[in-house]
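*Asks:* One structure coming up, written as structure tokens, with questions to follow.
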Amino acid sequence: MATVTPAAARGYRSVFRVREFRAVFAAHLMSVLGVVVAEIALTVLVYRATGSPLMSALTFALGFLPYALGGTLLAGIADRYPARRVLVGCDLLCAACAAAMAVPGAPVAVLLVLRCAMAFVAPLFQGTRNASLADVLGPGEVFVLGRSLLRMVAQSALLIGFGLGGLLLTVLAPRGAIALTGAGFLASALLLRFGTVLRPARGGEGVRTSPLAGARAVLGDRRLRALTLLFWLPPLFLVVPEALLAPYAAGIGADTAVLGLLMCAMPVGTIAGELWAGSALTARTRSRIVAPLAAAGPLVLLLYAVGPGVPGVLLALVLAGLAHAHTLGLDQWYVDAVPEELRGRAMTLLGAGLMTLQGVGMALAGLAAEFLPVHGVVAGAGVVGTLVVLVLLAELRASGRSRGGSRDETGVVTK
């Protein structure tokens with residue numbers, strides 16, 4: 001396990017001083033960009049083969065739908081086998097799926113099944129990698145900064161990956177772009193295989209548990225349940241304005257260029273918020289801002305209540321993204337609360353639930369907008385989201401008291 005002095009632990013540079021993390025970071029960058037490019041290329045390929053907008057949209061949705069099932073059924077593997085073996089195996093499976101997609105003449109049904117297979121193992125890969133970060137960086141402040149860097153890569157991939165995918169498709173056929181992403185997964189597997197240390201399984205190699213045992217262990221603990229829901233539920237409401245950007249922009253007469261600008265606003269705010277919290281704040285301060293920023297994130301969506309134009313929408317989305325800075329403190333609370341032998345399963349379930357509920361939030365937003373004005377739906381989501389956060393924060397404080405102590409502003413139980 002990496003040891004870092006308190007002085008060295010300030011700022012993101014300390015994370016890159018750990019050689020093993022550099023390999024993890026590079027592998028993550030390759031796999032995330034690969035997924036984004038593959039989604040674009042596969043969507044184009046399916047549309048060209050079928051001429052159906054529905055099938056094209058379904059191809060994109062299949063990146064979300066298997067998350068809940070994969071996260072639930074595969075979570076136990078994260079602690080049953082060495083992390084490096086799991087990560088390399090997932091990357092090799094995705095590389096094989098991408099290679100099969102690139103085969104000329106592959107039927108659309110086969111392409112969709114292969115896309116499902118990649119999405120099915122995604123929560124296992126992400127959960128195992130996030131859990132192994134605590135082994136690579138230690139479970140303290142440097143772990144929090146490492147998690148933050150990986151999240152920023154994922155957010156940046158949304159901004160860069162779609163543009164990169166579109167550029168690739170101007171010089172490559174869709175199957176060629178998919179083959180290139182397969183090579184990226186293979187490179188990620190090689191980086192993880194030769195750039196990280198083989199550590200024993202947390203739960204004892206080969207020890208079997210039922211697929212639901214991890215979920216029961218995490219959600220059955222009062223504090224872990226509250227922390228998990230604090231990760232899961234706010235994004236359900238924060239995806240509402242993004243899901244409804246197209247109809248809102250059309251309603252105020254904004255063109256597609258403005259729509260593209262609006263779609264970038266929340267990711268840009270999120271990256272800026274994480275950079276600020278990770279580079280300018282101490283661990284104690286990051287913990288203190290969890291509660292106010294978690295509640296403020298959905299609350300700023302109330303700006304939609306007045307039916308704002310483009311500047312007002314931009315402001316609301318950027319502020320909602322900036323409030324995401326609270327996640328660094330929340331990460332520390334979570335890793336402190338999860339027993340080491342349960343860490344892989346907990347992280348897998350955390351990622352699976354997060355992705356699944358964002359998909360649910362998008363669907364509910366679209367349904368509500370069929371009957372209500374878009375600006376009213378977004379403002380309502382902000383109010384309900386803030387109330388949910390306040391309830392969860394109260395439950396989190398109560399869980400600290402129930403363990404025989406009180407929880408101070410840093411999130412630590414004190415006797």
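Within each chain, counting starts at residue 1; across the structure tokens, chains are named A, B, ... in the order shown, with ligands numbered 1 upward in that order.
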Check which residues of segment 12-112 of chain A sit at most 12 Å from segment 119-126 of chain A using only C-alpha atoms, and return one row each with the closest pair of atoms and their distance in Å to one decimal, ordered by chain and rising number, as a Markdown table.

*Replies:*
| residue | atom | partner | partner_atom | distance |
| --- | --- | --- | --- | --- |
| A:Val24 | CA | A:Gln126 | CA | 11.5 |
| A:Ala27 | CA | A:Phe125 | CA | 11.8 |
| A:His28 | CA | A:Gln126 | CA | 9.4 |
| A:Ser31 | CA | A:Ala122 | CA | 10.4 |
| A:Val32 | CA | A:Ala122 | CA | 10.6 |
| A:Val35 | CA | A:Ala119 | CA | 9.5 |
| A:Ala38 | CA | A:Ala119 | CA | 11.7 |
| A:Glu39 | CA | A:Ala119 | CA | 10.9 |
| A:Thr59 | CA | A:Ala119 | CA | 11.2 |
| A:Phe60 | CA | A:Ala119 | CA | 10.8 |
| A:Ala61 | CA | A:Ala119 | CA | 10.2 |
| A:Leu62 | CA | A:Ala119 | CA | 7.3 |
| A:Gly63 | CA | A:Ala119 | CA | 5.4 |
| A:Phe64 | CA | A:Ala119 | CA | 7.0 |
| A:Leu65 | CA | A:Ala119 | CA | 7.9 |
| A:Pro66 | CA | A:Phe120 | CA | 5.1 |
| A:Tyr67 | CA | A:Phe120 | CA | 5.8 |
| A:Ala68 | CA | A:Pro123 | CA | 8.4 |
| A:Leu69 | CA | A:Phe120 | CA | 7.2 |
| A:Gly70 | CA | A:Phe120 | CA | 4.6 |
| A:Gly71 | CA | A:Pro123 | CA | 5.3 |
| A:Thr72 | CA | A:Pro123 | CA | 9.0 |
| A:Leu73 | CA | A:Leu124 | CA | 9.3 |
| A:Leu74 | CA | A:Leu124 | CA | 6.2 |
| A:Ala75 | CA | A:Leu124 | CA | 6.2 |
| A:Gly76 | CA | A:Leu124 | CA | 9.0 |
| A:Ile77 | CA | A:Leu124 | CA | 7.7 |
| A:Ala78 | CA | A:Leu124 | CA | 6.6 |
| A:Asp79 | CA | A:Leu124 | CA | 10.3 |
| A:Arg80 | CA | A:Leu124 | CA | 11.9 |
| A:Tyr81 | CA | A:Leu124 | CA | 11.8 |
| A:Ala83 | CA | A:Phe125 | CA | 9.1 |
| A:Arg84 | CA | A:Phe125 | CA | 10.1 |
| A:Arg85 | CA | A:Phe125 | CA | 10.5 |
| A:Val86 | CA | A:Phe125 | CA | 7.2 |
| A:Leu87 | CA | A:Phe125 | CA | 5.6 |
| A:Val88 | CA | A:Phe125 | CA | 8.9 |
| A:Gly89 | CA | A:Phe125 | CA | 9.0 |
| A:Cys90 | CA | A:Phe125 | CA | 6.2 |
| A:Asp91 | CA | A:Phe125 | CA | 8.1 |
| A:Leu92 | CA | A:Val121 | CA | 11.0 |
| A:Leu93 | CA | A:Val121 | CA | 8.6 |
| A:Cys94 | CA | A:Val121 | CA | 8.4 |
| A:Cys97 | CA | A:Ala119 | CA | 10.7 |
| A:Ala98 | CA | A:Ala119 | CA | 12.0 |
| A:Leu112 | CA | A:Ala119 | CA | 10.6 |

*Asks:* Take the residues that were just selected and, keeping N, CA and C atoms, output them as a compact mmCIF listing (two decimals), in the first residue's frame.

*Replies:*
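Below is the file out38.txt, written as the result:
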# COMPACT_ATOMS: atom_id res chain seq x y z
N VAL A 24 -2.81 2.82 -13.90
CA VAL A 24 -4.28 2.76 -13.76
C VAL A 24 -4.93 3.93 -14.49
N ALA A 27 -4.74 3.46 -18.30
CA ALA A 27 -5.68 2.42 -18.71
C ALA A 27 -7.11 2.94 -18.68
N HIS A 28 -7.44 3.71 -17.65
CA HIS A 28 -8.78 4.28 -17.52
C HIS A 28 -9.08 5.23 -18.68
N SER A 31 -9.77 3.16 -21.85
CA SER A 31 -11.03 2.41 -21.85
C SER A 31 -12.23 3.34 -21.92
N VAL A 32 -12.18 4.50 -21.25
CA VAL A 32 -13.31 5.44 -21.28
C VAL A 32 -13.48 6.03 -22.67
N VAL A 35 -14.96 3.41 -24.92
CA VAL A 35 -16.40 3.19 -24.76
C VAL A 35 -17.19 4.28 -25.49
N ALA A 38 -16.87 3.85 -29.24
CA ALA A 38 -17.60 2.65 -29.66
C ALA A 38 -19.10 2.92 -29.70
N GLU A 39 -19.61 3.67 -28.71
CA GLU A 39 -21.04 3.98 -28.68
C GLU A 39 -21.45 4.77 -29.93
N THR A 59 -29.55 1.19 -29.26
CA THR A 59 -28.13 0.83 -29.17
C THR A 59 -27.44 1.68 -28.12
N PHE A 60 -27.74 2.98 -28.09
CA PHE A 60 -27.15 3.87 -27.10
C PHE A 60 -27.66 3.53 -25.69
N ALA A 61 -28.97 3.23 -25.57
CA ALA A 61 -29.56 2.92 -24.27
C ALA A 61 -28.99 1.64 -23.67
N LEU A 62 -28.55 0.71 -24.54
CA LEU A 62 -28.01 -0.54 -24.04
C LEU A 62 -26.72 -0.35 -23.25
N GLY A 63 -26.14 0.84 -23.33
CA GLY A 63 -24.99 1.14 -22.49
C GLY A 63 -25.36 1.33 -21.04
N PHE A 64 -26.66 1.57 -20.74
CA PHE A 64 -27.13 1.80 -19.38
C PHE A 64 -27.90 0.61 -18.81
N LEU A 65 -28.73 -0.01 -19.65
CA LEU A 65 -29.71 -0.98 -19.15
C LEU A 65 -29.11 -2.16 -18.39
N PRO A 66 -27.98 -2.76 -18.82
CA PRO A 66 -27.48 -3.94 -18.10
C PRO A 66 -26.75 -3.63 -16.80
N TYR A 67 -26.58 -2.35 -16.47
CA TYR A 67 -25.78 -1.99 -15.30
C TYR A 67 -26.32 -2.62 -14.01
N ALA A 68 -27.62 -2.49 -13.78
CA ALA A 68 -28.19 -2.99 -12.53
C ALA A 68 -28.00 -4.49 -12.41
N LEU A 69 -28.27 -5.21 -13.49
CA LEU A 69 -28.14 -6.67 -13.46
C LEU A 69 -26.69 -7.09 -13.28
N GLY A 70 -25.79 -6.49 -14.06
CA GLY A 70 -24.39 -6.84 -13.95
C GLY A 70 -23.81 -6.48 -12.59
N GLY A 71 -24.17 -5.30 -12.07
CA GLY A 71 -23.67 -4.89 -10.77
C GLY A 71 -24.14 -5.79 -9.65
N THR A 72 -25.36 -6.29 -9.75
CA THR A 72 -25.91 -7.16 -8.71
C THR A 72 -25.33 -8.57 -8.79
N LEU A 73 -25.32 -9.15 -9.99
CA LEU A 73 -24.92 -10.54 -10.15
C LEU A 73 -23.41 -10.75 -10.07
N LEU A 74 -22.63 -9.73 -10.48
CA LEU A 74 -21.18 -9.89 -10.54
C LEU A 74 -20.44 -9.26 -9.38
N ALA A 75 -21.15 -8.58 -8.48
CA ALA A 75 -20.46 -7.82 -7.42
C ALA A 75 -19.54 -8.69 -6.58
N GLY A 76 -19.95 -9.94 -6.29
CA GLY A 76 -19.14 -10.81 -5.45
C GLY A 76 -17.79 -11.13 -6.03
N ILE A 77 -17.67 -11.10 -7.36
CA ILE A 77 -16.40 -11.42 -8.01
C ILE A 77 -15.32 -10.41 -7.64
N ALA A 78 -15.73 -9.16 -7.37
CA ALA A 78 -14.78 -8.09 -7.09
C ALA A 78 -13.93 -8.40 -5.87
N ASP A 79 -14.47 -9.13 -4.89
CA ASP A 79 -13.71 -9.46 -3.69
C ASP A 79 -13.27 -10.92 -3.66
N ARG A 80 -13.79 -11.74 -4.60
CA ARG A 80 -13.48 -13.17 -4.58
C ARG A 80 -12.17 -13.49 -5.27
N TYR A 81 -11.76 -12.65 -6.23
CA TYR A 81 -10.54 -12.88 -6.99
C TYR A 81 -9.63 -11.66 -6.93
N ALA A 83 -7.77 -8.36 -7.71
CA ALA A 83 -8.28 -7.24 -8.50
C ALA A 83 -7.65 -7.18 -9.88
N ARG A 84 -6.34 -7.40 -9.96
CA ARG A 84 -5.69 -7.30 -11.28
C ARG A 84 -6.25 -8.33 -12.25
N ARG A 85 -6.51 -9.54 -11.75
CA ARG A 85 -7.05 -10.59 -12.62
C ARG A 85 -8.44 -10.21 -13.13
N VAL A 86 -9.27 -9.64 -12.25
CA VAL A 86 -10.62 -9.24 -12.65
C VAL A 86 -10.56 -8.12 -13.68
N LEU A 87 -9.72 -7.11 -13.44
CA LEU A 87 -9.64 -5.97 -14.34
C LEU A 87 -9.14 -6.38 -15.73
N VAL A 88 -8.10 -7.18 -15.76
CA VAL A 88 -7.55 -7.62 -17.05
C VAL A 88 -8.57 -8.49 -17.78
N GLY A 89 -9.26 -9.36 -17.04
CA GLY A 89 -10.28 -10.20 -17.66
C GLY A 89 -11.41 -9.39 -18.28
N CYS A 90 -11.87 -8.35 -17.58
CA CYS A 90 -12.93 -7.50 -18.12
C CYS A 90 -12.48 -6.78 -19.37
N ASP A 91 -11.24 -6.25 -19.35
CA ASP A 91 -10.73 -5.55 -20.53
C ASP A 91 -10.60 -6.49 -21.73
N LEU A 92 -10.13 -7.70 -21.49
CA LEU A 92 -9.98 -8.66 -22.59
C LEU A 92 -11.34 -9.06 -23.16
N LEU A 93 -12.33 -9.19 -22.28
CA LEU A 93 -13.68 -9.51 -22.76
C LEU A 93 -14.22 -8.38 -23.64
N CYS A 94 -14.03 -7.13 -23.20
CA CYS A 94 -14.49 -5.98 -24.00
C CYS A 94 -13.73 -5.90 -25.33
N CYS A 97 -15.25 -8.47 -27.59
CA CYS A 97 -16.56 -8.03 -28.07
C CYS A 97 -16.41 -6.99 -29.18
N ALA A 98 -15.49 -6.04 -28.99
CA ALA A 98 -15.26 -5.02 -30.00
C ALA A 98 -14.74 -5.64 -31.29
N LEU A 112 -25.99 -5.92 -30.93
CA LEU A 112 -26.68 -5.49 -29.71
C LEU A 112 -26.34 -6.40 -28.54

*Asks:* Do a neighbour search on Arg223 of chain A at 10 Å with only C-alpha atoms, toss out local chain neighbours closer than 4 positions, and write the hits as a PyMOL selection string.

*Replies:* chain A and resi 218-219+227-229+333-334+337-338+395-400+402-403

*Asks:* Between atom CA of Val108 of chain A and atom CA of Ala41 of chain A, what distance in Å does the model show, to one decimal?

*Replies:*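 We find that atom CA of Val108 of chain A and atom CA of Ala41 of chain A lie 13.2 Å from each other.
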
*Asks:* Can you tell me, as an MDAnalysis selection string, which residues in segment 80-275 of chain A count as helix (DSSP H, G or I) by DSSP?

*Replies:* chainID A and resid 80 83:101 108:137 141:171 174:195 213:219 222:243 245:251 256:275

*Asks:* Can you pull out every residue within 9 Å of Leu301 of chain A, counting only C-alpha atoms, but drop anything in the same chain fewer than 4 positions away, and send it as a list in words?

*Replies:*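 Residues meeting the cut-off are Leu238, Pro241, Gly297, Ala305, Val313, Ala316, Leu317, Leu319, Ala320, Val378, Ala379, Gly380, Ala381, Gly382 and Val383 of chain A.
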
*Asks:* Counting only C-alpha atoms, which residue out of A:Ile271, A:Leu330, A:Leu169, A:Leu259 sits closest to Ala157 of chain A?

*Replies:*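 Closest to Ala157 of chain A, using only C-alpha atoms: A:Ile271.
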
*Asks:* So, counting only C-alpha atoms, which residue among A:Ala183, A:Ala217, A:Leu342, A:Met152 is closest to Arg202 of chain A?

*Replies:* A:Leu342

*Asks:* Might you pull out every residue within 12 Å of Thr256 of chain A, with only C-alpha atoms counted and same-chain residues fewer than 6 positions away left off, and present them as a VMD selection string?

*Replies:* chain A and resid 245 to 250 262 to 263

*Asks:* With a distance cut-off of 10 Å and only C-alpha atoms, select the neighbouring residues of Ala365 of chain A, excluding the residue or stretch itself and same-chain residues fewer than 2 positions from it, and output the selection as a compact mmCIF listing (two decimals) with N, CA, C and O atoms, in the first residue's frame.

*Replies:*
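The new file around-v3.txt reads:
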# COMPACT_ATOMS: atom_id res chain seq x y z
N LEU A 236 -30.08 11.37 -9.78
CA LEU A 236 -31.36 11.07 -10.41
C LEU A 236 -32.10 12.37 -10.76
O LEU A 236 -32.78 12.45 -11.79
N PHE A 237 -31.95 13.38 -9.89
CA PHE A 237 -32.62 14.67 -10.13
C PHE A 237 -31.76 15.60 -10.98
O PHE A 237 -32.28 16.41 -11.75
N VAL A 239 -29.86 14.84 -13.47
CA VAL A 239 -29.86 14.53 -14.91
C VAL A 239 -31.09 15.09 -15.61
O VAL A 239 -31.15 15.12 -16.84
N VAL A 240 -32.08 15.54 -14.83
CA VAL A 240 -33.33 16.02 -15.43
C VAL A 240 -33.09 17.18 -16.40
O VAL A 240 -33.58 17.15 -17.54
N PRO A 241 -32.37 18.24 -16.01
CA PRO A 241 -32.17 19.33 -16.97
C PRO A 241 -31.39 18.89 -18.20
O PRO A 241 -31.66 19.37 -19.31
N GLU A 242 -30.43 17.99 -18.04
CA GLU A 242 -29.67 17.51 -19.20
C GLU A 242 -30.55 16.68 -20.12
O GLU A 242 -30.45 16.79 -21.35
N ALA A 243 -31.41 15.85 -19.53
CA ALA A 243 -32.30 15.02 -20.34
C ALA A 243 -33.29 15.85 -21.14
O ALA A 243 -33.74 15.44 -22.21
N LEU A 244 -33.64 17.03 -20.62
CA LEU A 244 -34.65 17.87 -21.27
C LEU A 244 -34.06 19.10 -21.97
O LEU A 244 -34.79 20.03 -22.31
N GLY A 359 -30.27 6.63 -15.55
CA GLY A 359 -31.15 6.23 -16.65
C GLY A 359 -32.61 6.36 -16.28
O GLY A 359 -33.44 6.83 -17.07
N VAL A 360 -32.96 5.97 -15.04
CA VAL A 360 -34.33 6.11 -14.56
C VAL A 360 -34.73 7.58 -14.52
O VAL A 360 -35.85 7.96 -14.90
N GLY A 361 -33.81 8.43 -14.04
CA GLY A 361 -34.11 9.86 -13.97
C GLY A 361 -34.38 10.46 -15.33
O GLY A 361 -35.30 11.28 -15.50
N MET A 362 -33.61 10.04 -16.34
CA MET A 362 -33.85 10.54 -17.70
C MET A 362 -35.22 10.13 -18.21
O MET A 362 -35.96 10.93 -18.80
N ALA A 363 -35.58 8.86 -17.96
CA ALA A 363 -36.87 8.36 -18.43
C ALA A 363 -38.02 9.08 -17.73
O ALA A 363 -39.01 9.48 -18.37
N LEU A 367 -41.03 11.49 -19.28
CA LEU A 367 -42.43 11.20 -19.03
C LEU A 367 -43.14 12.42 -18.45
O LEU A 367 -44.25 12.78 -18.88
N ALA A 368 -42.52 13.05 -17.45
CA ALA A 368 -43.15 14.22 -16.82
C ALA A 368 -43.31 15.37 -17.81
O ALA A 368 -44.32 16.09 -17.78
N ALA A 369 -42.33 15.53 -18.72
CA ALA A 369 -42.39 16.62 -19.68
C ALA A 369 -43.46 16.42 -20.75
O ALA A 369 -43.77 17.36 -21.49
N GLU A 370 -44.03 15.21 -20.82
CA GLU A 370 -45.15 14.98 -21.73
C GLU A 370 -46.42 15.68 -21.24
O GLU A 370 -47.33 15.98 -22.02
N VAL A 374 -41.55 22.07 -19.47
CA VAL A 374 -40.19 21.59 -19.18
C VAL A 374 -39.57 22.36 -18.02
O VAL A 374 -38.96 21.78 -17.13
N VAL A 377 -40.86 21.06 -14.77
CA VAL A 377 -40.32 19.74 -14.43
C VAL A 377 -38.93 19.87 -13.81
O VAL A 377 -38.63 19.25 -12.78
N VAL A 378 -38.09 20.70 -14.42
CA VAL A 378 -36.73 20.87 -13.92
C VAL A 378 -36.74 21.52 -12.54
O VAL A 378 -36.04 21.08 -11.61
N ALA A 381 -37.88 19.07 -9.98
CA ALA A 381 -36.82 18.11 -9.67
C ALA A 381 -35.82 18.71 -8.69
O ALA A 381 -35.31 18.01 -7.80

*Asks:* For the atom pair atom CA of Pro107 of chain A and atom CA of Ile40 of chain A, what is the interatomic distance in Å to one decimal place?

*Replies:* 17.6 Å

*Asks:* Calculate how many Å separate atom CA of Gly140 of chain A from atom CA of Arg284 of chain A, rounding to one decimal.

*Replies:*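 Atom CA of Arg284 of chain A lies 11.8 Å from atom CA of Gly140 of chain A.
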
*Asks:* Give me, as a compact mmCIF listing (two decimals) with N, CA and C atoms, in the first residue's frame, all polymer residues having an atom no more than 7 Å from Gly344 of chain A, counting only C-alpha atoms and skipping those fewer than 3 positions away in the same chain.

*Replies:*
# COMPACT_ATOMS: atom_id res chain seq x y z
N ALA A 78 -15.73 -9.16 -7.37
CA ALA A 78 -14.78 -8.09 -7.09
C ALA A 78 -13.93 -8.40 -5.87
N ASP A 79 -14.47 -9.13 -4.89
CA ASP A 79 -13.71 -9.46 -3.69
C ASP A 79 -13.27 -10.92 -3.66
N GLY A 127 -16.14 -1.05 -10.30
CA GLY A 127 -16.12 -1.28 -8.86
C GLY A 127 -14.81 -1.87 -8.38
N THR A 128 -14.28 -2.83 -9.14
CA THR A 128 -13.00 -3.44 -8.76
C THR A 128 -11.87 -2.43 -8.83
N ALA A 131 -12.19 0.04 -5.91
CA ALA A 131 -11.79 -0.58 -4.64
C ALA A 131 -10.29 -0.76 -4.58
N MET A 347 -18.19 -1.01 -3.95
CA MET A 347 -17.89 -0.09 -5.06
C MET A 347 -18.60 -0.51 -6.34
N THR A 348 -18.73 -1.81 -6.56
CA THR A 348 -19.44 -2.29 -7.75
C THR A 348 -20.90 -1.91 -7.70
